[in-house]
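Asks: A single structure is presented below for examination.
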Amino acid sequence: DTYEVLWTSNFDSFMQKMNKQNKKFWNSTRIEEAKRLGMTPVQVATLASIVEGESKKSDEQARIAGVYWNRLQQSMPLQADPTVDFAWKDFTIKRVTGKYTALNSPYNTYKNTGLPPGPISIVSGDVIDRVLNLEHHDYLYFCAKPDFSENHAFAVTYEEHRKNAADYQKALDKNKIH
């Protein structure tokens with residue numbers, strides 16, 4: 001959202017405005033949807049920030065949220081690359097490798113199960129709504145497609161995922177993306 005904040009505004013009035021907008025957004029319907037998922041609004045916003053970090057494509061966000069939901073239900077690590085970028089404070093990383101996933105950070109979802117302690121970005125309300133209405137499916141994995149279309153290949157089994165990941169890694173190698 002966009003807000004008008006005058007240069008003469010003080011911190012307290014700004015925070016009151018943000019709190020008012022937050023309460024307006026998190027109406028009883030959204031709070032109930034979050035509860036239905038067993039999540040708090042902050043947890044939903046955290047997951048939404050990860051989903052938005054993975055894909056700006058609105059038609060895939062509810063499916064990606066479903067993948068992470070399935071992983072959370074099975075106590076699997078999320079293994080979300082955007083959280084690693086955030087933990088490193090380096091948003092130029094093009095290829096998340098073992099060097100990056102070795103970092104000890106509560107935001108490293110390769111080392112830690114569950115959600116990180118909070119959102120990794122400010123996320124739009126549309127993405128929060130896609131998380132609240134996530135797709136229910138059996139996918140546990142996804143990987144960027146090797147055509148660099150920003151679409152993803154989804155997989156139920158680890159074997160399927162390994163093939164998708166190998167195809168993508170070959171494309172990265174071919175394009176000298178390291």
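Following the order of the structure tokens, first chain is A, next is B, and so on, with residues numbered from 1 inside each chain and ligands from 1 in the order they appear.
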Please identify all polymer residues within 10 Å of Arg95 (chain A), counting only C-alpha atoms, omitting same-chain residues fewer than 4 positions from it, and present them as a short mmCIF file (atom, residue, chain, number, x, y, z; two decimals) with C-alpha atoms, in the first residue's frame.
Replies:
data_model
loop_
_atom_site.label_atom_id
_atom_site.label_comp_id
_atom_site.auth_asym_id
_atom_site.auth_seq_id
_atom_site.Cartn_x
_atom_site.Cartn_y
_atom_site.Cartn_z
CA ASP A 81 16.73 -19.57 -1.23
CA ASP A 85 19.90 -14.26 0.62
CA TYR A 100 25.75 -20.02 1.46
CA GLN A 169 21.81 -26.47 -12.94
CA LEU A 172 22.97 -22.19 -15.11
CA ILE A 177 25.84 -18.31 -13.78
CA HIS A 178 27.79 -19.13 -10.64
#
Asks: Got a sec: who's within 10 Å of region 146-160 of chain A, counting only C-alpha atoms, leaving out chain neighbours fewer than 5 positions off, as a CSV table (one decimal) with N, CA, C and O atoms, in the first residue's frame?
Replies:
chain,number,residue,atom,x,y,z
A,54,GLU,N,10.4,-16.1,-3.7
A,54,GLU,CA,10.6,-17.2,-4.7
A,54,GLU,C,10.0,-16.8,-6.1
A,54,GLU,O,10.6,-17.2,-7.1
A,55,SER,N,8.9,-16.2,-6.1
A,55,SER,CA,8.2,-15.9,-7.4
A,55,SER,C,7.3,-14.6,-7.3
A,55,SER,O,6.5,-14.5,-6.4
A,56,LYS,N,7.5,-13.8,-8.3
A,56,LYS,CA,6.6,-12.7,-8.5
A,56,LYS,C,5.4,-13.0,-9.3
A,56,LYS,O,4.5,-12.2,-9.5
A,57,LYS,N,5.3,-14.2,-9.8
A,57,LYS,CA,4.2,-14.7,-10.6
A,57,LYS,C,3.0,-15.1,-9.8
A,57,LYS,O,3.1,-16.1,-9.1
A,59,ASP,N,0.3,-16.4,-10.5
A,59,ASP,CA,-0.4,-17.7,-10.8
A,59,ASP,C,0.4,-18.8,-10.1
A,59,ASP,O,-0.1,-20.0,-10.1
A,60,GLU,N,1.6,-18.6,-9.6
A,60,GLU,CA,2.3,-19.7,-9.0
A,60,GLU,C,2.4,-19.6,-7.4
A,60,GLU,O,2.7,-20.5,-6.7
A,63,ARG,N,0.5,-22.0,-5.2
A,63,ARG,CA,1.1,-23.4,-5.3
A,63,ARG,C,2.4,-23.5,-4.5
A,63,ARG,O,2.6,-24.4,-3.8
A,64,ILE,N,3.2,-22.4,-4.6
A,64,ILE,CA,4.5,-22.4,-3.9
A,64,ILE,C,4.2,-22.4,-2.4
A,64,ILE,O,4.8,-23.1,-1.6
A,67,VAL,N,3.5,-25.8,-1.3
A,67,VAL,CA,4.7,-26.6,-1.1
A,67,VAL,C,5.3,-26.4,0.3
A,67,VAL,O,5.6,-27.3,1.0
A,137,HIS,N,-2.1,-29.7,-2.4
A,137,HIS,CA,-1.6,-30.6,-3.3
A,137,HIS,C,-0.6,-31.5,-2.7
A,137,HIS,O,-0.4,-31.4,-1.4
A,138,ASP,N,0.1,-32.3,-3.4
A,138,ASP,CA,1.1,-33.2,-2.8
A,138,ASP,C,2.5,-32.8,-3.1
A,138,ASP,O,3.4,-33.6,-2.7
A,139,TYR,N,2.7,-31.7,-3.7
A,139,TYR,CA,4.1,-31.3,-4.1
A,139,TYR,C,4.9,-31.0,-2.8
A,139,TYR,O,4.4,-30.3,-1.9
A,140,LEU,N,6.1,-31.5,-2.8
A,140,LEU,CA,7.1,-31.1,-1.7
A,140,LEU,C,8.3,-30.4,-2.2
A,140,LEU,O,9.1,-29.9,-1.4
A,141,TYR,N,8.4,-30.2,-3.6
A,141,TYR,CA,9.6,-29.6,-4.1
A,141,TYR,C,9.2,-28.7,-5.3
A,141,TYR,O,8.2,-29.0,-6.0
A,165,ALA,N,16.1,-30.2,-10.9
A,165,ALA,CA,17.2,-29.4,-10.4
A,165,ALA,C,18.4,-29.6,-11.3
A,165,ALA,O,19.1,-28.6,-11.6
A,166,ALA,N,18.7,-30.8,-11.7
A,166,ALA,CA,19.8,-31.1,-12.6
A,166,ALA,C,19.7,-30.3,-13.9
A,166,ALA,O,20.6,-29.7,-14.5
A,167,ASP,N,18.4,-30.3,-14.5
A,167,ASP,CA,18.2,-29.6,-15.7
A,167,ASP,C,18.4,-28.1,-15.5
A,167,ASP,O,19.0,-27.4,-16.4
A,168,TYR,N,18.0,-27.6,-14.4
A,168,TYR,CA,18.2,-26.1,-14.1
A,168,TYR,C,19.7,-25.8,-13.9
A,168,TYR,O,20.2,-24.8,-14.4
A,169,GLN,N,20.4,-26.7,-13.2
A,169,GLN,CA,21.8,-26.5,-12.9
A,169,GLN,C,22.6,-26.5,-14.2
A,169,GLN,O,23.5,-25.7,-14.4
A,170,LYS,N,22.2,-27.4,-15.2
A,170,LYS,CA,22.9,-27.4,-16.5
A,170,LYS,C,22.7,-26.1,-17.2
A,170,LYS,O,23.6,-25.6,-17.9
A,171,ALA,N,21.5,-25.6,-17.1
A,171,ALA,CA,21.2,-24.3,-17.8
A,171,ALA,C,22.0,-23.1,-17.1
A,171,ALA,O,22.5,-22.3,-17.8
A,172,LEU,N,22.1,-23.2,-15.8
A,172,LEU,CA,23.0,-22.2,-15.1
A,172,LEU,C,24.4,-22.3,-15.6
A,172,LEU,O,25.1,-21.3,-15.9
Asks: As an NGL selection string, list the residues of chain A assigned to helix (DSSP H, G or I) by DSSP on the backbone atoms of this structure.
Replies: :A and (11-25 or 28-36 or 41-54 or 58-73 or 81-88 or 98-101 or 125-132 or 158-174)
Asks: Counting only C-alpha atoms, figure out which residue out of A:Asp173, A:Glu135, A:Gln61, A:Asp129 gets nearest to Val44 (chain A).
Replies: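 Closest to Val44 (chain A), using only C-alpha atoms: A:Asp129.
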Asks: Would you compute the distance between CA of Ala34 (chain A) and CA of Asn133 (chain A)? Give it in Å to one decimal.
Replies: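 About the pair CA of Ala34 (chain A) and CA of Asn133 (chain A): they are 9.4 Å apart.
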Asks: Using only C-alpha atoms, can you tell me which of A:Thr97, A:Gly118, A:Asn104, A:Val131 comes closest to Arg36 (chain A)?
Replies: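 Looking at the shortest contact to Arg36 (chain A), the residue is A:Val131.
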Asks: Can you tell me, as a PyMOL selection string, what residues are no more than 10 Å from Gly125 (chain A) when counting only C-alpha atoms, ignoring any on the same chain fewer than 5 positions away?
Replies: chain A and resi 1+25-26+45+48+130-131
Asks: Write the residues you've just listed into a file as a compact mmCIF listing (two decimals), in the first residue's frame, and include all heavy atoms for each of them.
Replies:
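The new file again_12.txt reads:
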# COMPACT_ATOMS: atom_id res chain seq x y z
N ASP A 1 0.83 -1.18 0.00
CA ASP A 1 0.00 0.00 0.00
C ASP A 1 0.88 1.24 0.00
O ASP A 1 2.05 1.20 0.34
CB ASP A 1 -0.91 0.00 1.23
CG ASP A 1 -1.95 -1.10 1.17
OD1 ASP A 1 -2.28 -1.55 0.06
OD2 ASP A 1 -2.43 -1.51 2.24
N PHE A 25 -6.36 -4.30 7.78
CA PHE A 25 -6.04 -5.40 6.87
C PHE A 25 -6.35 -6.75 7.52
O PHE A 25 -6.97 -7.61 6.91
CB PHE A 25 -4.56 -5.35 6.45
CG PHE A 25 -4.20 -6.49 5.54
CD1 PHE A 25 -4.49 -6.43 4.19
CD2 PHE A 25 -3.60 -7.65 6.03
CE1 PHE A 25 -4.19 -7.49 3.34
CE2 PHE A 25 -3.29 -8.71 5.20
CZ PHE A 25 -3.58 -8.62 3.85
N TRP A 26 -5.90 -6.93 8.76
CA TRP A 26 -6.10 -8.21 9.44
C TRP A 26 -7.48 -8.23 10.09
O TRP A 26 -7.62 -8.25 11.30
CB TRP A 26 -4.99 -8.49 10.45
CG TRP A 26 -3.75 -8.96 9.76
CD1 TRP A 26 -2.64 -8.24 9.48
CD2 TRP A 26 -3.55 -10.25 9.20
NE1 TRP A 26 -1.74 -9.00 8.80
CE2 TRP A 26 -2.26 -10.25 8.61
CE3 TRP A 26 -4.31 -11.42 9.14
CZ2 TRP A 26 -1.74 -11.37 7.97
CZ3 TRP A 26 -3.78 -12.53 8.50
CH2 TRP A 26 -2.52 -12.49 7.93
N ALA A 45 2.49 -13.68 7.27
CA ALA A 45 3.29 -12.65 6.59
C ALA A 45 4.70 -13.16 6.33
O ALA A 45 5.30 -12.87 5.28
CB ALA A 45 3.31 -11.37 7.41
N ALA A 48 4.44 -15.53 3.45
CA ALA A 48 4.16 -14.75 2.24
C ALA A 48 5.43 -14.05 1.73
O ALA A 48 5.65 -13.97 0.53
CB ALA A 48 3.05 -13.75 2.52
N ARG A 130 -2.95 -14.97 -1.00
CA ARG A 130 -2.64 -16.23 -1.70
C ARG A 130 -2.13 -17.29 -0.72
O ARG A 130 -2.41 -18.48 -0.89
CB ARG A 130 -1.64 -15.98 -2.82
CG ARG A 130 -2.28 -15.24 -3.97
CD ARG A 130 -1.36 -15.06 -5.17
NE ARG A 130 -1.94 -14.03 -6.00
CZ ARG A 130 -1.48 -12.79 -6.12
NH1 ARG A 130 -0.38 -12.41 -5.48
NH2 ARG A 130 -2.10 -11.92 -6.87
N VAL A 131 -1.39 -16.85 0.29
CA VAL A 131 -0.94 -17.81 1.32
C VAL A 131 -2.13 -18.28 2.14
O VAL A 131 -2.27 -19.47 2.42
CB VAL A 131 0.16 -17.19 2.21
CG1 VAL A 131 0.43 -18.06 3.43
CG2 VAL A 131 1.44 -16.99 1.41
Asks: Can you pull out the residues contacting Tyr3 (chain A)? Cut-off 12 Å, using only C-alpha atoms, and skip same-chain residues under 5 positions away; I want them as a ChimeraX atom specification.
Replies: /A:14-15,17-18,20-21
Asks: Using the selection just defined, write its residues with N, CA, C and O atoms as a PDB file, in the first residue's frame.
Replies:
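Contents of the output file selection.pdb:
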ATOM      1  N   PHE A  14       3.163   8.212  13.013  1.00  0.00           N
ATOM      2  CA  PHE A  14       3.395   7.259  11.932  1.00  0.00           C
ATOM      3  C   PHE A  14       3.050   5.844  12.390  1.00  0.00           C
ATOM      4  O   PHE A  14       2.368   5.095  11.689  1.00  0.00           O
ATOM      5  N   MET A  15       3.514   5.453  13.570  1.00  0.00           N
ATOM      6  CA  MET A  15       3.242   4.113  14.082  1.00  0.00           C
ATOM      7  C   MET A  15       1.750   3.904  14.340  1.00  0.00           C
ATOM      8  O   MET A  15       1.228   2.812  14.105  1.00  0.00           O
ATOM      9  N   LYS A  17      -0.655   5.280  12.626  1.00  0.00           N
ATOM     10  CA  LYS A  17      -1.233   5.101  11.288  1.00  0.00           C
ATOM     11  C   LYS A  17      -0.990   3.676  10.788  1.00  0.00           C
ATOM     12  O   LYS A  17      -1.899   3.018  10.267  1.00  0.00           O
ATOM     13  N   MET A  18       0.232   3.173  10.958  1.00  0.00           N
ATOM     14  CA  MET A  18       0.557   1.821  10.503  1.00  0.00           C
ATOM     15  C   MET A  18      -0.219   0.769  11.297  1.00  0.00           C
ATOM     16  O   MET A  18      -0.702  -0.209  10.733  1.00  0.00           O
ATOM     17  N   LYS A  20      -3.124   1.182  12.718  1.00  0.00           N
ATOM     18  CA  LYS A  20      -4.524   1.271  12.273  1.00  0.00           C
ATOM     19  C   LYS A  20      -4.711   0.518  10.954  1.00  0.00           C
ATOM     20  O   LYS A  20      -5.665  -0.248  10.793  1.00  0.00           O
ATOM     21  N   GLN A  21      -3.778   0.698  10.020  1.00  0.00           N
ATOM     22  CA  GLN A  21      -3.874   0.005   8.728  1.00  0.00           C
ATOM     23  C   GLN A  21      -3.697  -1.503   8.899  1.00  0.00           C
ATOM     24  O   GLN A  21      -4.366  -2.286   8.228  1.00  0.00           O
TER      25      GLN A  21
END
Asks: May I ask for the distance between CA of Ala80 (chain A) and CA of Leu132 (chain A), given in Å to one decimal place?
Replies: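 Calculated distance between CA of Ala80 (chain A) and CA of Leu132 (chain A) is 18.7 Å.
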